[in-house]
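*Asks:* Take a look at coords_2.txt, compact mmCIF, C-alpha atoms:
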```
# COMPACT_ATOMS: atom_id res chain seq x y z
CA MET P 1 -0.43 -10.28 -10.33
CA TYR P 2 -1.24 -7.29 -12.55
CA THR P 3 -3.15 -5.63 -9.75
CA LYS P 4 0.22 -4.89 -8.17
CA ASN P 5 2.00 -2.12 -9.98
CA ARG P 6 5.12 -1.62 -7.90
CA ARG P 7 7.39 -3.50 -5.56
CA PRO P 8 6.16 -3.14 -1.97
CA VAL P 9 7.89 -0.42 -0.02
CA PRO P 10 9.60 -1.82 3.10
CA PRO P 11 7.75 -0.42 6.14
CA TRP P 12 10.78 1.45 7.47
CA VAL P 13 11.53 3.44 4.30
CA VAL P 14 8.94 6.23 4.49
CA PRO P 15 9.36 6.87 8.25
CA VAL P 16 13.14 7.04 7.85
CA LEU P 17 12.88 9.40 4.85
CA VAL P 18 10.45 11.67 6.70
CA ALA P 19 12.66 11.71 9.79
CA ALA P 20 15.76 12.28 7.64
CA VAL P 21 14.32 15.60 6.47
CA ALA P 22 15.25 16.78 9.97
CA VAL P 23 18.95 16.86 9.03
CA PRO P 24 18.86 19.37 6.12
CA THR P 25 16.20 21.33 8.00
CA PHE P 26 18.39 21.77 11.05
CA VAL P 27 21.50 22.50 8.96
CA ALA P 28 19.67 25.16 6.91
CA PHE P 29 18.43 27.00 10.00
CA TRP P 30 21.80 26.56 11.71
CA ILE P 31 23.52 28.20 8.73
CA GLY P 32 20.93 30.96 8.94
CA GLY P 33 21.83 31.58 12.57
CA GLN P 34 18.68 30.10 14.09
CA PRO P 35 19.68 26.65 15.36
CA GLN P 36 16.94 26.62 18.02
CA LEU P 37 14.24 27.15 15.42
CA GLY P 38 15.94 24.54 13.24
CA ALA P 39 15.79 22.07 16.11
CA VAL P 40 12.06 22.70 16.50
CA TRP P 41 11.30 22.05 12.82
CA ALA P 42 13.65 19.06 12.80
CA GLY P 43 11.79 17.74 15.82
CA VAL P 44 8.52 18.03 13.91
CA SER P 45 9.97 15.88 11.11
CA VAL P 46 11.28 13.28 13.54
CA ALA P 47 7.96 13.19 15.40
CA PHE P 48 6.04 12.65 12.14
CA GLY P 49 8.48 9.90 11.19
CA LEU P 50 7.92 8.22 14.56
CA VAL P 51 4.15 8.39 14.12
CA LEU P 52 4.51 6.71 10.74
CA ALA P 53 6.81 4.08 12.25
CA VAL P 54 4.66 3.08 15.21
CA GLY P 55 1.16 3.65 13.83
CA GLY P 56 0.94 0.20 12.28
CA ARG P 57 -2.66 -0.48 13.31
CA SER P 58 -4.03 2.53 11.47
CA ASP P 59 -5.06 1.98 7.84
CA THR P 60 -4.27 5.61 7.07
CA ILE P 61 -0.76 5.24 8.47
CA ARG P 62 -0.32 2.03 6.48
CA LEU P 63 -1.31 3.93 3.32
CA LEU P 64 1.10 6.76 4.17
CA ARG P 65 3.86 4.18 4.60
CA GLY P 66 3.02 2.61 1.22
CA ALA P 67 2.35 -0.71 2.95
CA ASP P 68 -0.78 -1.57 0.94
CA ASP P 69 0.62 -1.47 -2.55
CA ASP P 70 -2.32 -2.36 -4.76
CA GLU P 71 -4.65 -0.61 -7.19
CA ARG P 72 -6.95 0.76 -4.46
CA ALA P 73 -4.00 2.20 -2.54
CA LEU P 74 -2.74 3.84 -5.73
CA THR P 75 -6.19 5.26 -6.46
CA LEU P 76 -6.40 6.69 -2.96
CA GLU P 77 -2.88 8.08 -3.31
CA TYR P 78 -3.78 9.86 -6.55
CA GLN P 79 -6.96 11.31 -5.02
CA ALA P 80 -5.07 12.44 -1.92
CA MET P 81 -2.39 14.09 -4.06
CA THR P 82 -5.08 15.85 -6.09
CA ALA P 83 -6.65 17.21 -2.90
CA THR P 84 -3.22 18.27 -1.65
CA ALA P 85 -2.46 20.11 -4.89
CA LEU P 86 -5.86 21.84 -4.83
CA VAL P 87 -5.31 23.08 -1.28
CA LEU P 88 -1.81 24.30 -2.14
CA VAL P 89 -2.97 26.16 -5.26
CA VAL P 90 -5.83 27.82 -3.39
CA ALA P 91 -3.43 28.80 -0.58
CA LEU P 92 -0.92 30.19 -3.08
CA ALA P 93 -3.63 32.18 -4.85
CA GLY P 94 -4.78 33.59 -1.50
CA LEU P 95 -1.24 34.54 -0.54
CA PHE P 96 -0.70 36.11 -3.98
CA LEU P 97 -3.81 38.26 -3.55
CA ALA P 98 -2.78 39.17 0.01
CA GLU P 99 0.59 40.33 -1.33
CA GLY P 100 -1.22 42.54 -3.83
CA ILE P 101 -3.40 44.05 -1.09
CA ARG P 102 -0.27 44.82 0.94
CA GLY P 103 1.26 46.61 -2.05
CA GLU P 104 3.88 43.91 -2.68
CA SER P 105 4.75 42.37 -6.05
CA GLY P 106 3.73 38.84 -5.07
CA VAL P 107 6.26 37.56 -7.58
CA VAL P 108 7.21 34.48 -5.55
CA TYR P 109 3.60 33.27 -5.35
CA ALA P 110 2.98 34.19 -9.00
CA VAL P 111 5.96 32.11 -10.09
CA LEU P 112 4.78 29.16 -7.97
CA LEU P 113 1.27 29.42 -9.43
CA LEU P 114 2.68 29.57 -12.96
CA LEU P 115 4.85 26.54 -12.19
CA ALA P 116 1.79 24.65 -10.96
CA GLU P 117 -0.24 25.49 -14.04
CA ALA P 118 2.66 24.73 -16.38
CA THR P 119 3.07 21.35 -14.69
CA ARG P 120 -0.64 20.63 -15.12
CA VAL P 121 -0.59 21.58 -18.80
CA ALA P 122 2.54 19.50 -19.47
CA ALA P 123 1.14 16.53 -17.56
CA LEU P 124 -2.14 16.67 -19.47
CA ALA P 125 -0.30 16.90 -22.78
CA VAL P 126 1.95 13.92 -22.01
CA LEU P 127 -0.82 11.79 -20.50
CA ASN P 128 -3.12 12.60 -23.41
CA ARG P 129 -0.53 11.36 -25.89
CA ARG P 130 0.08 8.17 -23.91
CA SER P 131 -3.53 7.18 -23.45
CA MET G 1 -21.56 -1.30 -8.35
CA ARG G 2 -23.20 -4.23 -6.61
CA ASN G 3 -21.30 -7.50 -6.36
CA LEU G 4 -21.51 -11.01 -4.96
CA ILE G 5 -17.93 -11.24 -3.71
CA ARG G 6 -18.85 -11.66 -0.05
CA ASN G 7 -21.37 -14.41 -0.82
CA LEU G 8 -18.95 -16.25 -3.10
CA ARG G 9 -16.09 -15.92 -0.61
CA THR G 10 -18.04 -17.14 2.40
CA ALA G 11 -19.53 -19.99 0.34
CA ARG G 12 -15.99 -21.24 -0.19
CA GLY G 13 -15.08 -20.73 3.45
CA LEU G 14 -12.43 -18.16 2.67
CA SER G 15 -11.42 -15.23 4.84
CA GLN G 16 -10.92 -11.78 3.37
CA ALA G 17 -7.19 -12.16 3.99
CA GLU G 18 -7.07 -15.46 2.08
CA LEU G 19 -8.91 -14.00 -0.91
CA ALA G 20 -6.71 -10.92 -0.76
CA ALA G 21 -3.60 -13.10 -0.83
CA ALA G 22 -4.93 -15.02 -3.83
CA MET G 23 -5.62 -11.76 -5.68
CA GLU G 24 -2.40 -10.13 -4.44
CA VAL G 25 -4.23 -7.13 -3.04
CA SER G 26 -4.68 -5.95 0.52
CA ARG G 27 -7.39 -7.28 2.82
CA GLN G 28 -8.67 -3.72 3.03
CA THR G 29 -9.21 -3.72 -0.73
CA ILE G 30 -11.31 -6.91 -0.58
CA ASN G 31 -13.31 -5.40 2.28
CA ALA G 32 -13.85 -2.18 0.33
CA ILE G 33 -15.07 -4.14 -2.71
CA GLU G 34 -17.43 -6.26 -0.62
CA THR G 35 -18.91 -3.21 1.06
CA GLU G 36 -19.19 -1.50 -2.35
CA ARG G 37 -16.97 1.41 -1.33
CA TYR G 38 -14.49 0.61 -4.10
CA THR G 39 -15.06 -0.51 -7.67
CA PRO G 40 -12.19 -2.73 -8.80
CA SER G 41 -10.31 -2.24 -12.04
CA LEU G 42 -11.32 -4.39 -14.99
CA PRO G 43 -8.29 -6.70 -14.59
CA LEU G 44 -9.05 -7.27 -10.91
CA ALA G 45 -12.76 -7.76 -11.61
CA ILE G 46 -11.92 -10.39 -14.23
CA ALA G 47 -9.46 -12.07 -11.88
CA LEU G 48 -12.07 -12.21 -9.12
CA ALA G 49 -14.69 -13.62 -11.47
CA ARG G 50 -12.29 -16.28 -12.79
CA TYR G 51 -11.26 -17.19 -9.26
CA PHE G 52 -14.88 -18.02 -8.47
CA ASP G 53 -15.37 -19.80 -11.81
CA SER G 54 -17.82 -17.16 -12.88
CA THR G 55 -18.08 -14.19 -15.24
CA VAL G 56 -17.75 -10.51 -14.53
CA GLU G 57 -21.39 -9.97 -15.47
CA GLU G 58 -22.48 -12.57 -12.93
CA VAL G 59 -20.33 -11.25 -10.11
CA PHE G 60 -20.73 -7.49 -10.68
CA ARG G 61 -23.94 -5.61 -11.33
CA VAL G 62 -24.17 -1.93 -12.23
CA HIS G 63 -26.80 0.03 -10.33
CA GLU G 64 -29.65 0.47 -12.77
CA GLU G 65 -32.18 3.24 -12.24
CA SER G 66 -35.78 2.08 -12.52
```
Any chance you could give the structure as structure tokens?
*Replies:*
Amino acid sequence: MYTKNRRPVPPWVVPVLVAAVAVPTFVAFWIGGQPQLGAVWAGVSVAFGLVLAVGGRSDTIRLLRGADDDERALTLEYQAMTATALVLVVALAGLFLAEGIRGESGVVYAVLLLLAEATRVAALAVLNRRS
Amino acid sequence: MRNLIRNLRTARGLSQAELAAAMEVSRQTINAIETERYTPSLPLAIALARYFDSTVEEVFRVHEES
């Protein structure tokens, strides 16, 4: 029915993707000469993937896995992504200011903040034309 | 948004899971609608009303301040 917007995601997809992040993580740190640290971060990814895989009784885990693919799940997903973006932007702004206080350029955080705002402006422009 | 979904569902002897399957949404979504934690989209509201041979206005009531 029209209340379903996408094909349901098989329950193993998200846990596998999350756990798979461990591979490039470990390789990147291994190339950088810190394989032990890479193993730690890779372990974090695998652990999160396992939690997603075995936490079937939790509604939150089911939402994270994309198991409940209906309009309410999509609404919750959008709201969660909005909260995530807000936290990230506030954190970036704080780090940018901290860089300034330390006498650094803060260019990395400035570029990320500009990217975030440019994305918001572009998204609003496109969505406004479509609706 | 007040609604009569729970009354209509139980009057027909349906479980939340059965109504959810008929509407092709999750059981959690039906529960959230019944407990008025989630306001369904217009298409879903119409589908629910039609399922119970009723109208949207009869099934859903907006909170009106007195």
*Asks:* Do me a favour and pick out the residues of chain G within 8 Å of chain P, using all atoms listed in the file, as a list in words.
*Replies:*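 Residues of chain G within 8 Å of chain P, counting all atoms listed in the file: Met23, Glu24, Val25, Ser26, Thr29, Tyr38, Pro40, Ser41, Pro43 and Leu44 of chain G.
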*Asks:* Record the distance separating atom CA of Gly66 of chain P and atom CA of Arg9 of chain G, expressed in Å with one decimal.
*Replies:* 26.7 Å
*Asks:* Can you tell me how far atom CA of Gly55 of chain P sits from atom CA of Ala80 of chain P, in Å to one decimal?
*Replies:* 19.1 Å
*Asks:* Could you jot down the atom CA of Ala42 of chain P to atom CA of Thr25 of chain P separation for me, Å, one decimal place?
*Replies:*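 Spanning atom CA of Ala42 of chain P to atom CA of Thr25 of chain P is a straight-line distance of 5.9 Å.
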*Asks:* Which one of P:Leu92, P:Leu17, P:Ile31, P:Leu52 sits closest to Gly106 of chain P if you count all atoms listed in the file?
*Replies:* P:Leu92
